[in-house]
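A short worksheet on the structure shown next.
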Protein chains: 2
Amino acid sequence: MQIPIDRSKPIPLPRQIQAHLERLIHERLLAPGVKLPATRELARELGVNRATVSFAYEELVASGLARAHVGQGTFVAGPTAGEAELADGAGPDAPPEAIDWSGLLSRSARVSLGERERRRLGALPGRLPPGLISFAGGMPDSAMFPTDAFRRVLNAVIREEGEELLQYYPAAGYPPLRRFLSGYLLRFGVEARPDDILIVNGSQQGFDLIARTLLDPGDVVAIEEPTYPRAMQVFRAFGARLAPVALGEDGPRPDGLERAIERHAPKFFYCQPSAHNPTGLTISGDGRRRLLEVCARRRVAIVEDGFDGSLYYDARPPAPLRALDRRGLVIYIGTFSKILFPGLRLGWLVAPRPLLERLEAAKQLADLQTSALIQAAVYHFCERRLLERHLARIADEYRRRHRRLLESLTRRMPRDVSWTEARGGFSLLLTLPEGLDATALLARAVARGVAFTPGPAFFVEEGGERALRLAFSGVPAARIDEGVRRLADVIRDSRRRPQPRAESERAAVPVV
Amino acid sequence: MQIPIDRSKPIPLPRQIQAHLERLIHERLLAPGVKLPATRELARELGVNRATVSFAYEELVASGLARAHVGQGTFVAGPTAGEAELADGAGPDAPPEAIDWSGLLSRSARVSLGERERRRLGALPGRLPPGLISFAGGMPDSAMFPTDAFRRVLNAVIREEGEELLQYYPAAGYPPLRRFLSGYLLRFGVEARPDDILIVNGSQQGFDLIARTLLDPGDVVAIEEPTYPRAMQVFRAFGARLAPVALGEDGPRPDGLERAIERHAPKFFYCQPSAHNPTGLTISGDGRRRLLEVCARRRVAIVEDGFDGSLYYDARPPAPLRALDRRGLVIYIGTFSKILFPGLRLGWLVAPRPLLERLEAAKQLADLQTSALIQAAVYHFCERRLLERHLARIADEYRRRHRRLLESLTRRMPRDVSWTEARGGFSLLLTLPEGLDATALLARAVARGVAFTPGPAFFVEEGGERALRLAFSGVPAARIDEGVRRLADVIRDSRRRPQPRAESERAAVPVV
């Protein structure tokens, strides 16, 4: 530990050491329980007598800031919570900050600061009160993770390839994983050679790389509405304006898309044709061809967020846009977050070759590469058909939860509440009766023990006030009916008693 | 597998299936060795008779594009390399691309495309001819990785915390790792509470988040010269201009820094005070205080790339700028890439609290979070004091390699070759005699069996033509003298025979 001691000062050395450590403890830079360096070690490091350090430690113990355990050493004991809190707000001696950091922020950092944006997104993941039935998190259920199987595969991978995988690795990705994905995508009709695939840290980094490769401030992105909030947020952070295209009977309305293109000349159109978040809807084959036709004629690129064809609850979804496209219009984003583990941060991009090179260069700038160890582990996991087995299991379970949710909604909701029926994915979108506001409803719902995500999060500007997303993937089947009962009660109650629309009632709920 | 079949066409169904598969094989979308779906399975999927699929497969076997193994199935056998190459360039039927992707690129994507930039950076990692002694890679030696110890820790971590770690996780990082880093940094005098630390994917993502949070196109970054190429590249990708500050006797010259600030009003000053890449130099305590004084007076922020105080070869380096700074000027970047495994992609940022919140928001936009599994594994690895043990081992070995390199240079180099002496890090910088050009020399050197990184990679505009970086960390001690002998021979030879300065002689060598 480096402690500045000054022999020219009239303050004795033990006091200087003591005062320094006291400050560190008060400012919580040395946390309670932390072991102080051995006296001999610190004395050598500071070039002082060992007794000097011992004396300083004894004073700390005497003042209650440390405790000595014979034979073990001296440990930090304080400060009390109150003292620490005081110190937290930078003490009276804190020197003036020389830099006005907020004045230094880039335009995009200022954009992503907006209060509105923050309300939309909330924290991830939220810590919610116990007993709460939460339909708010659009994430897979960790109780069903194939954790142990993955552990065994990872263990074998480090044994066999550890050294190479823990060194720097090419940005494009682990070749066997890219080959696997080429075959995996072909099952859905997507024709991508391994070289057409770039490994990224989940679809979030996919959005980010696409945005930085294609967007300049002032550019427009056409986007179906409602849509995935984090995609909107990334495009906005790069200075793009969003032109919403409303969902119709069968996906985003082609006439709306045509109009958005005509008015705004967008750089690309972002959509989720299958297992759409938040609605759970899937566009038909004809609907897909109509969208492709509009974009091909207008020469507008498409960013397809491909929640792939593995997780579906009735009919298998039609082939992705990328599979139907013969004109090289489509950039496809895939991820293992929904079908395996979100925490791995592993996804991929498929793009026309010249663009893929730029995306790879952007990936290298962003963080050099995605962990090759994780890539190799997932590859071997898939190669041993463990992904297939896992997918079959979770598709069954999520199908059951979805069915249960539909049954409960039908049974318990007032007549004038409506909802989408999910074809895949993790959620559906419910519409409240006229006069109710989902955001205002949330605080009451949480108090009653049920949570959801209010609709405005999924809309570009206004809209979604009466909508709310119910994610069923994380709620055990046995709890779903009780959650719906609570929600129906809150809706009935709120109808009787008019709702306050106060901003303060907006609760921060994670949106994934 | 989805195969489009059209019953209205006059072409028999088996032929349609066969033609589709032939195309996939020719275009290498089905690679040799891949197993085709079982006939029963594919027939069901396509809604055709099983005999229809069998007939298609038999035709593929007859034409040599597939092989049938009794009891195992049918496997792709072709195409020949020549056929595949032909297909690679998009066949005669390839539809016209509807999108001019290069016209869609963002300004930053166009910047990072520059030929000049590409020359500077080369590919990562390079594949180099066998027998070559490469001083080119600034990376730790994977032969010394504590791979097996890490495997055991990772295994235990998944057993105990796997489910939680594989779910979505808060962007700021794994709390125990942030606490550990707080204590680790305190050893070097850096006072950072766990809340002041943000976990990122290696220092590369640190640069990226800082750049996107602070830089707008046209902003200036003051940067010591020579410097780390990938830092320059990131700042440039965000549109920044770089104002070089030359290294003097003791780090970047304060008068040069003062002048750069006066002329260009930079957003921040980027430097590596310890174990500088490429020179290996370390700024003295006084030198550090002088730089801080200039920046505090001028109110310019500092981005300190802190190759931390653990890896040093003689005297322990002075405390980081961040430790000396009392004005809140410094953003500190740290990484596990040099002291543990580059492939983990794990590093951290320390920044003043209000800025750290913006950096965390940027991190969330970029990729939500860094793998919590990897964070937890590294935390437990450190907590068990395995990092300390590893550090002691590698510091010894790199110290030995560095000494060996200095001895060999002294013994073998012509009198008018000079070099820096590293105080830490992985490399030193050598200066060739007048009239020689490092870039032109490289091709000859590689032909002679030795590689290095030419100096221009480390310079902002012009400069470094006579400089070259020798990274000693990756070369076993026993090979160092032979490498220096080869290099000295090439230098002597090149002196006798004038060098061509042709661009074509520039070899792509990885720069880390």
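By convention in this document, the chains of the structure tokens carry letters A, B, ... by their order, each chain's residues are numbered from 1, and ligands are numbered from 1 in the order they are shown.
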
Checklist entry - Which residues come within 12 Å of Ser371 of chain A, counting only C-alpha atoms, excluding same-chain residues fewer than 5 positions away, as a ChimeraX atom specification? => result /A:162,164-174,199-202,344-347,376-378 /B:201-202,337,341-346,370-371,373-374

Item to check | Leu340 of chain B environment, 9 Å, only C-alpha atoms, sequence neighbours closer than 5 positions dropped, as a PyMOL selection string | outcome: chain B and resi 140+145-146+335+387+390-391

Go ahead and save the residues from that selection, with N, CA and C atoms, as a short mmCIF file (atom, residue, chain, number, x, y, z; two decimals), in the first residue's frame.
```cif
data_model
loop_
_atom_site.label_atom_id
_atom_site.label_comp_id
_atom_site.auth_asym_id
_atom_site.auth_seq_id
_atom_site.Cartn_x
_atom_site.Cartn_y
_atom_site.Cartn_z
N PRO B 140 1.15 -11.20 -23.84
CA PRO B 140 1.81 -12.12 -22.91
C PRO B 140 2.01 -13.49 -23.56
N PHE B 145 0.51 -19.17 -19.34
CA PHE B 145 -0.83 -18.94 -18.79
C PHE B 145 -1.13 -19.92 -17.65
N PRO B 146 -1.78 -19.44 -16.59
CA PRO B 146 -2.21 -20.35 -15.52
C PRO B 146 -3.56 -20.98 -15.88
N THR B 335 -6.56 -3.22 -17.08
CA THR B 335 -6.93 -4.42 -17.83
C THR B 335 -6.27 -5.67 -17.26
N LEU B 387 -3.56 -14.78 -8.67
CA LEU B 387 -3.04 -13.72 -9.54
C LEU B 387 -1.66 -13.28 -9.04
N HIS B 390 0.90 -15.77 -9.97
CA HIS B 390 1.15 -15.71 -11.41
C HIS B 390 1.99 -14.48 -11.77
N LEU B 391 1.66 -13.35 -11.18
CA LEU B 391 2.37 -12.12 -11.48
C LEU B 391 3.85 -12.23 -11.12
#
```

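When atom CA of Gly280 of chain B is paired with atom CA of Asp219 of chain B, their separation reads 28.8 Å.
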
Checklist entry - Mind checking DSSP for segment 152-361 of chain A and telling me the strand (DSSP E) residues as a PyMOL selection string? => result chain A and resi 197-200+220-225+241-248+251-252+268-271+301-305+330-335+347-350

Item to check | Interatomic distance (Å, one decimal) between atom CA of Leu406 of chain A and atom CA of Arg492 of chain A | outcome: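 Separation of atom CA of Leu406 of chain A and atom CA of Arg492 of chain A: 18.6 Å.
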
Checklist entry - Excluding same-chain residues fewer than 4 positions from Leu181 of chain A, what lies within 9 Å of it counting only C-alpha atoms, as a list of chain:residue names? => result A:Pro176, A:Leu177, A:Leu185, A:Leu186, A:Ala192, A:Arg193, A:Pro194, A:Ile197, A:Trp348, A:Tyr379

Checklist entry - Which one is closest to chain B: A:Ala109, A:Ala31, A:Leu311, A:Ala243? Count only C-alpha atoms. => result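 When distances to chain B are compared using only C-alpha atoms, the smallest one comes from A:Ala109.
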
As a PDB file with N, CA and C atoms, in the first residue's frame, please: the residues near Pro278 of chain A (cut-off 9 Å, only C-alpha atoms, same-chain neighbours under 6 positions excluded).
```
ATOM      1  N   GLY A 138     -38.358  -9.589 -19.786  1.00  0.00           N
ATOM      2  CA  GLY A 138     -38.416 -10.381 -21.024  1.00  0.00           C
ATOM      3  C   GLY A 138     -37.193 -11.258 -21.157  1.00  0.00           C
ATOM      4  N   PRO A 226     -45.323  -1.014 -32.049  1.00  0.00           N
ATOM      5  CA  PRO A 226     -44.305  -0.997 -30.996  1.00  0.00           C
ATOM      6  C   PRO A 226     -43.063  -1.808 -31.390  1.00  0.00           C
ATOM      7  N   THR A 227     -41.969  -1.569 -30.633  1.00  0.00           N
ATOM      8  CA  THR A 227     -40.716  -2.256 -30.949  1.00  0.00           C
ATOM      9  C   THR A 227     -39.852  -2.414 -29.701  1.00  0.00           C
ATOM     10  N   TYR A 228     -38.685  -2.989 -29.904  1.00  0.00           N
ATOM     11  CA  TYR A 228     -37.775  -3.294 -28.796  1.00  0.00           C
ATOM     12  C   TYR A 228     -37.061  -2.018 -28.338  1.00  0.00           C
ATOM     13  N   GLY A 425     -41.449 -16.314 -28.729  1.00  0.00           N
ATOM     14  CA  GLY A 425     -40.910 -15.273 -27.870  1.00  0.00           C
ATOM     15  C   GLY A 425     -41.391 -15.400 -26.443  1.00  0.00           C
ATOM     16  N   PHE A 426     -41.312 -14.321 -25.738  1.00  0.00           N
ATOM     17  CA  PHE A 426     -41.472 -14.367 -24.287  1.00  0.00           C
ATOM     18  C   PHE A 426     -42.640 -13.554 -23.768  1.00  0.00           C
ATOM     19  N   SER A 427     -43.376 -12.878 -24.648  1.00  0.00           N
ATOM     20  CA  SER A 427     -44.354 -11.922 -24.112  1.00  0.00           C
ATOM     21  C   SER A 427     -45.532 -11.725 -25.054  1.00  0.00           C
ATOM     22  N   LEU A 428     -46.562 -11.080 -24.511  1.00  0.00           N
ATOM     23  CA  LEU A 428     -47.665 -10.593 -25.336  1.00  0.00           C
ATOM     24  C   LEU A 428     -48.007  -9.187 -24.869  1.00  0.00           C
ATOM     25  N   LEU A 429     -48.794  -8.487 -25.686  1.00  0.00           N
ATOM     26  CA  LEU A 429     -49.141  -7.104 -25.362  1.00  0.00           C
ATOM     27  C   LEU A 429     -50.631  -7.026 -25.064  1.00  0.00           C
ATOM     28  N   GLY A 455     -46.618   0.199 -21.660  1.00  0.00           N
ATOM     29  CA  GLY A 455     -46.484   0.295 -23.100  1.00  0.00           C
ATOM     30  C   GLY A 455     -45.592   1.383 -23.674  1.00  0.00           C
ATOM     31  N   PHE A 458     -42.255   0.951 -25.511  1.00  0.00           N
ATOM     32  CA  PHE A 458     -42.110   0.298 -26.815  1.00  0.00           C
ATOM     33  C   PHE A 458     -42.511   1.207 -27.974  1.00  0.00           C
ATOM     34  N   LEU A 468     -49.697  -2.666 -22.164  1.00  0.00           N
ATOM     35  CA  LEU A 468     -48.690  -3.167 -21.237  1.00  0.00           C
ATOM     36  C   LEU A 468     -48.218  -4.533 -21.713  1.00  0.00           C
ATOM     37  N   ARG A 469     -46.921  -4.794 -21.445  1.00  0.00           N
ATOM     38  CA  ARG A 469     -46.341  -6.071 -21.874  1.00  0.00           C
ATOM     39  C   ARG A 469     -46.355  -7.055 -20.719  1.00  0.00           C
ATOM     40  N   LEU A 470     -46.851  -8.247 -21.015  1.00  0.00           N
ATOM     41  CA  LEU A 470     -46.792  -9.339 -20.046  1.00  0.00           C
ATOM     42  C   LEU A 470     -45.797 -10.379 -20.566  1.00  0.00           C
ATOM     43  N   ALA A 471     -44.681 -10.497 -19.879  1.00  0.00           N
ATOM     44  CA  ALA A 471     -43.701 -11.519 -20.255  1.00  0.00           C
ATOM     45  C   ALA A 471     -43.981 -12.756 -19.416  1.00  0.00           C
TER      46      ALA A 471
END
```

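Minimum distance to chain B across A:Val190, A:Leu46, A:Ala366, A:Ile17 (counting only C-alpha atoms) occurs at A:Ala366.
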
Item to check | Residue with smallest distance to Arg212 of chain B - pool B:Leu24, B:Ala362, B:Leu29, B:Val70, counting only C-alpha atoms | outcome: B:Ala362
